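Read through the structure below, which is laid out as structure tokens, and then see the notes.
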Amino acid sequence: MRILIGNVTSAPDFRVLGSGSMMVSLKMETVFEDESQSHDVTFYGRLGEIVTQYVEEGSLIYVEGKLRSRKYEDKAGTERLVTGIVAQKMQMLGRK
């Protein structure tokens, strides 16, 4: 289980899967010992619906989830490896 606390750096992007379930992705930035790191986070189902309603760029959020890696081929034909977080819990921490 991974725990992240950070600011959302991109507006949530959503799509509806063939099953009718929602998938939402966003980027967030965490800072630890003066070093910032960007993370790709994906939310599914009801949690994804909540994210689209309440989370926006600049929001401070807490996320618990699993680390997941996947390979894909980009437009140039180069194989890429992407690692991200599949969220299982999310909590809003700050207010604008």
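Ordering of the structure tokens sets the chain letters (A, B, ...); residue numbers start at 1 within each chain; ligands are numbered from 1 in the order shown.
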So that I can see what lies close to Pro12 (chain A), please list as a compact mmCIF listing (two decimals) with all heavy atoms, in the first residue's frame the residues with an atom at most 12 Å from it, counting only C-alpha atoms and leaving out residues fewer than 2 positions away in the same chain.
# COMPACT_ATOMS: atom_id res chain seq x y z
N VAL A 8 -2.75 18.35 -6.47
CA VAL A 8 -3.12 17.91 -7.82
C VAL A 8 -2.56 18.92 -8.81
O VAL A 8 -2.76 20.13 -8.66
CB VAL A 8 -4.66 17.80 -7.94
CG1 VAL A 8 -5.07 17.44 -9.35
CG2 VAL A 8 -5.19 16.79 -6.94
N THR A 9 -1.84 18.44 -9.83
CA THR A 9 -1.20 19.34 -10.79
C THR A 9 -1.87 19.32 -12.16
O THR A 9 -1.45 20.04 -13.06
CB THR A 9 0.30 19.00 -10.94
OG1 THR A 9 0.43 17.64 -11.36
CG2 THR A 9 1.04 19.22 -9.64
N SER A 10 -2.87 18.48 -12.34
CA SER A 10 -3.63 18.48 -13.60
C SER A 10 -5.09 18.22 -13.28
O SER A 10 -5.42 17.51 -12.34
CB SER A 10 -3.11 17.40 -14.55
OG SER A 10 -3.41 16.11 -14.06
N PHE A 14 -11.51 12.11 -17.17
CA PHE A 14 -12.29 10.89 -16.97
C PHE A 14 -12.78 10.30 -18.27
O PHE A 14 -12.86 10.97 -19.29
CB PHE A 14 -13.48 11.16 -16.04
CG PHE A 14 -14.60 11.92 -16.69
CD1 PHE A 14 -15.65 11.25 -17.30
CD2 PHE A 14 -14.60 13.31 -16.69
CE1 PHE A 14 -16.68 11.95 -17.90
CE2 PHE A 14 -15.63 14.01 -17.28
CZ PHE A 14 -16.66 13.33 -17.89
N ARG A 15 -13.08 9.00 -18.18
CA ARG A 15 -13.74 8.30 -19.28
C ARG A 15 -14.57 7.17 -18.70
O ARG A 15 -14.31 6.70 -17.59
CB ARG A 15 -12.75 7.80 -20.31
CG ARG A 15 -11.82 6.73 -19.81
CD ARG A 15 -10.80 6.38 -20.85
NE ARG A 15 -9.51 6.59 -20.21
CZ ARG A 15 -8.37 6.33 -20.76
NH1 ARG A 15 -8.31 5.89 -21.97
NH2 ARG A 15 -7.26 6.51 -20.12
N MET A 22 -16.60 4.26 -14.19
CA MET A 22 -15.81 5.44 -14.50
C MET A 22 -14.34 5.22 -14.13
O MET A 22 -14.04 4.60 -13.12
CB MET A 22 -16.35 6.65 -13.75
CG MET A 22 -15.64 7.94 -14.12
SD MET A 22 -16.36 9.39 -13.35
CE MET A 22 -17.78 9.64 -14.40
N MET A 23 -13.46 5.74 -14.98
CA MET A 23 -12.03 5.73 -14.71
C MET A 23 -11.55 7.17 -14.79
O MET A 23 -11.80 7.87 -15.77
CB MET A 23 -11.27 4.90 -15.74
CG MET A 23 -9.78 4.86 -15.47
SD MET A 23 -8.88 3.95 -16.73
CE MET A 23 -8.33 5.30 -17.74
N VAL A 24 -10.89 7.65 -13.74
CA VAL A 24 -10.42 9.04 -13.66
C VAL A 24 -8.93 9.02 -13.41
O VAL A 24 -8.44 8.28 -12.56
CB VAL A 24 -11.14 9.80 -12.53
CG1 VAL A 24 -10.63 11.22 -12.43
CG2 VAL A 24 -12.64 9.77 -12.73
N SER A 25 -8.19 9.85 -14.15
CA SER A 25 -6.75 9.93 -13.93
C SER A 25 -6.36 11.40 -13.71
O SER A 25 -7.00 12.30 -14.22
CB SER A 25 -5.98 9.34 -15.11
OG SER A 25 -6.32 9.99 -16.30
N LEU A 26 -5.31 11.56 -12.91
CA LEU A 26 -4.77 12.90 -12.66
C LEU A 26 -3.30 12.76 -12.26
O LEU A 26 -2.82 11.67 -12.02
CB LEU A 26 -5.57 13.63 -11.57
CG LEU A 26 -5.73 12.99 -10.19
CD1 LEU A 26 -4.49 13.14 -9.32
CD2 LEU A 26 -6.91 13.61 -9.48
N LYS A 27 -2.63 13.89 -12.24
CA LYS A 27 -1.26 13.94 -11.76
C LYS A 27 -1.25 14.72 -10.46
O LYS A 27 -2.00 15.68 -10.29
CB LYS A 27 -0.35 14.63 -12.77
CG LYS A 27 -0.10 13.81 -14.02
CD LYS A 27 0.99 14.44 -14.86
CE LYS A 27 1.26 13.65 -16.09
NZ LYS A 27 1.86 12.35 -15.86
N MET A 28 -0.40 14.25 -9.53
CA MET A 28 -0.23 14.98 -8.28
C MET A 28 1.25 15.04 -7.96
O MET A 28 2.03 14.22 -8.42
CB MET A 28 -1.05 14.36 -7.14
CG MET A 28 -0.60 13.01 -6.68
SD MET A 28 -1.66 12.33 -5.36
CE MET A 28 -1.24 13.35 -3.97
N ASP A 40 1.32 9.68 -11.30
CA ASP A 40 0.09 9.45 -12.04
C ASP A 40 -0.82 8.62 -11.13
O ASP A 40 -0.42 7.57 -10.64
CB ASP A 40 0.36 8.66 -13.33
CG ASP A 40 1.18 9.46 -14.32
OD1 ASP A 40 0.90 10.65 -14.49
OD2 ASP A 40 2.11 8.88 -14.92
N VAL A 41 -2.04 9.11 -10.92
CA VAL A 41 -2.98 8.42 -10.02
C VAL A 41 -4.25 8.14 -10.80
O VAL A 41 -4.77 9.01 -11.51
CB VAL A 41 -3.29 9.27 -8.77
CG1 VAL A 41 -4.18 8.48 -7.81
CG2 VAL A 41 -2.01 9.71 -8.08
N THR A 42 -4.78 6.90 -10.65
CA THR A 42 -6.01 6.49 -11.33
C THR A 42 -7.04 6.07 -10.29
O THR A 42 -6.71 5.37 -9.33
CB THR A 42 -5.74 5.32 -12.29
OG1 THR A 42 -4.69 5.70 -13.19
CG2 THR A 42 -6.97 4.97 -13.09
N PHE A 43 -8.28 6.51 -10.50
CA PHE A 43 -9.40 6.19 -9.61
C PHE A 43 -10.46 5.48 -10.43
O PHE A 43 -10.72 5.86 -11.57
CB PHE A 43 -10.01 7.47 -9.04
CG PHE A 43 -9.03 8.36 -8.32
CD1 PHE A 43 -8.25 9.27 -9.02
CD2 PHE A 43 -8.92 8.31 -6.94
CE1 PHE A 43 -7.35 10.10 -8.36
CE2 PHE A 43 -8.03 9.14 -6.27
CZ PHE A 43 -7.25 10.03 -6.98
N GLY A 48 -13.90 7.39 -8.42
CA GLY A 48 -13.66 8.24 -9.58
C GLY A 48 -14.73 9.31 -9.75
O GLY A 48 -14.44 10.46 -10.08
N GLU A 49 -15.98 8.93 -9.51
CA GLU A 49 -17.08 9.89 -9.61
C GLU A 49 -16.91 11.02 -8.59
O GLU A 49 -17.12 12.20 -8.90
CB GLU A 49 -18.42 9.18 -9.38
CG GLU A 49 -18.78 8.20 -10.48
CD GLU A 49 -20.02 7.39 -10.15
OE1 GLU A 49 -20.82 7.82 -9.28
OE2 GLU A 49 -20.19 6.31 -10.75
N ILE A 50 -16.51 10.67 -7.38
CA ILE A 50 -16.29 11.66 -6.32
C ILE A 50 -15.16 12.61 -6.71
O ILE A 50 -15.26 13.82 -6.53
CB ILE A 50 -16.00 10.96 -4.98
CG1 ILE A 50 -17.27 10.26 -4.49
CG2 ILE A 50 -15.50 11.96 -3.94
CD1 ILE A 50 -17.04 9.30 -3.34
N VAL A 51 -14.10 12.05 -7.28
CA VAL A 51 -12.96 12.88 -7.70
C VAL A 51 -13.39 13.89 -8.75
O VAL A 51 -13.03 15.07 -8.68
CB VAL A 51 -11.80 11.99 -8.22
CG1 VAL A 51 -10.74 12.82 -8.93
CG2 VAL A 51 -11.18 11.21 -7.07
N THR A 52 -14.20 13.49 -9.74
CA THR A 52 -14.62 14.44 -10.77
C THR A 52 -15.50 15.54 -10.19
O THR A 52 -15.51 16.65 -10.72
CB THR A 52 -15.37 13.74 -11.93
OG1 THR A 52 -16.54 13.10 -11.42
CG2 THR A 52 -14.49 12.76 -12.65
N GLN A 53 -16.23 15.26 -9.13
CA GLN A 53 -17.12 16.26 -8.52
C GLN A 53 -16.37 17.26 -7.65
O GLN A 53 -16.73 18.44 -7.62
CB GLN A 53 -18.19 15.58 -7.68
CG GLN A 53 -19.21 14.82 -8.49
CD GLN A 53 -20.19 14.07 -7.59
OE1 GLN A 53 -20.03 14.03 -6.37
NE2 GLN A 53 -21.18 13.47 -8.20
N TYR A 54 -15.36 16.82 -6.92
CA TYR A 54 -14.78 17.65 -5.87
C TYR A 54 -13.31 18.03 -6.04
O TYR A 54 -12.86 19.00 -5.43
CB TYR A 54 -14.95 16.97 -4.51
CG TYR A 54 -16.39 16.76 -4.14
CD1 TYR A 54 -16.96 15.50 -4.22
CD2 TYR A 54 -17.19 17.83 -3.75
CE1 TYR A 54 -18.30 15.31 -3.91
CE2 TYR A 54 -18.52 17.65 -3.44
CZ TYR A 54 -19.07 16.37 -3.52
OH TYR A 54 -20.38 16.18 -3.22
N VAL A 55 -12.55 17.28 -6.81
CA VAL A 55 -11.11 17.52 -6.93
C VAL A 55 -10.83 18.34 -8.18
O VAL A 55 -11.39 18.08 -9.24
CB VAL A 55 -10.33 16.18 -6.98
CG1 VAL A 55 -8.85 16.42 -7.21
CG2 VAL A 55 -10.54 15.40 -5.69
N GLU A 56 -9.96 19.34 -8.04
CA GLU A 56 -9.56 20.15 -9.18
C GLU A 56 -8.07 20.44 -9.07
O GLU A 56 -7.44 20.16 -8.04
CB GLU A 56 -10.36 21.45 -9.22
CG GLU A 56 -10.24 22.28 -7.98
CD GLU A 56 -11.21 23.45 -7.97
OE1 GLU A 56 -12.26 23.39 -8.62
OE2 GLU A 56 -10.89 24.44 -7.31
N GLU A 57 -7.52 20.98 -10.12
CA GLU A 57 -6.11 21.34 -10.11
C GLU A 57 -5.83 22.26 -8.92
O GLU A 57 -6.56 23.21 -8.68
CB GLU A 57 -5.74 22.04 -11.42
CG GLU A 57 -4.26 22.25 -11.58
CD GLU A 57 -3.89 22.78 -12.96
OE1 GLU A 57 -4.69 22.64 -13.91
OE2 GLU A 57 -2.80 23.34 -13.07
N GLY A 58 -4.79 21.95 -8.15
CA GLY A 58 -4.42 22.74 -6.98
C GLY A 58 -4.95 22.16 -5.67
O GLY A 58 -4.52 22.57 -4.60
N SER A 59 -5.89 21.20 -5.74
CA SER A 59 -6.43 20.59 -4.52
C SER A 59 -5.35 19.82 -3.77
O SER A 59 -4.49 19.18 -4.38
CB SER A 59 -7.56 19.60 -4.86
OG SER A 59 -8.65 20.23 -5.46
Would you please extract all strand (DSSP E) residues from chain A, as assigned by DSSP on the backbone, and give them as an MDAnalysis selection string? chainID A and resid 2:8 13:16 22:32 35:44 60:73 79:92
Could you write out, as a list in words, all the residues of chain A that DSSP marks as alpha helix (DSSP H)? Gly45, Arg46, Leu47, Gly48, Glu49, Ile50, Val51, Thr52, Gln53 and Tyr54 of chain A
Can you spit out the residues from that selection as a CSV table (one decimal), in the first residue's frame, using N, CA, C and O atoms?
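Result file out-v2.csv:
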chain,number,residue,atom,x,y,z
A,45,GLY,N,-14.6,3.6,-10.5
A,45,GLY,CA,-15.9,3.5,-9.9
A,45,GLY,C,-16.4,4.7,-9.2
A,45,GLY,O,-16.2,5.8,-9.6
A,46,ARG,N,-17.0,4.4,-8.1
A,46,ARG,CA,-17.6,5.5,-7.3
A,46,ARG,C,-16.5,6.5,-6.8
A,46,ARG,O,-16.8,7.7,-6.8
A,47,LEU,N,-15.3,6.0,-6.5
A,47,LEU,CA,-14.3,6.9,-6.1
A,47,LEU,C,-13.9,7.9,-7.2
A,47,LEU,O,-13.7,9.1,-7.0
A,48,GLY,N,-13.9,7.4,-8.4
A,48,GLY,CA,-13.7,8.2,-9.6
A,48,GLY,C,-14.7,9.3,-9.7
A,48,GLY,O,-14.4,10.5,-10.1
A,49,GLU,N,-16.0,8.9,-9.5
A,49,GLU,CA,-17.1,9.9,-9.6
A,49,GLU,C,-16.9,11.0,-8.6
A,49,GLU,O,-17.1,12.2,-8.9
A,50,ILE,N,-16.5,10.7,-7.4
A,50,ILE,CA,-16.3,11.7,-6.3
A,50,ILE,C,-15.2,12.6,-6.7
A,50,ILE,O,-15.3,13.8,-6.5
A,51,VAL,N,-14.1,12.1,-7.3
A,51,VAL,CA,-13.0,12.9,-7.7
A,51,VAL,C,-13.4,13.9,-8.8
A,51,VAL,O,-13.0,15.1,-8.7
A,52,THR,N,-14.2,13.5,-9.7
A,52,THR,CA,-14.6,14.4,-10.8
A,52,THR,C,-15.5,15.5,-10.2
A,52,THR,O,-15.5,16.7,-10.7
A,53,GLN,N,-16.2,15.3,-9.1
A,53,GLN,CA,-17.1,16.3,-8.5
A,53,GLN,C,-16.4,17.3,-7.6
A,53,GLN,O,-16.7,18.4,-7.6
A,54,TYR,N,-15.4,16.8,-6.9
A,54,TYR,CA,-14.8,17.7,-5.9
A,54,TYR,C,-13.3,18.0,-6.0
A,54,TYR,O,-12.9,19.0,-5.4
Could you pull the residues within 8 Å of Met90 (chain A), counting only C-alpha atoms, minus those fewer than 6 positions along the same chain, as a list in words?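 The residues satisfying every condition are Leu47, Ile61, Tyr62, Val63 and Glu64 of chain A.
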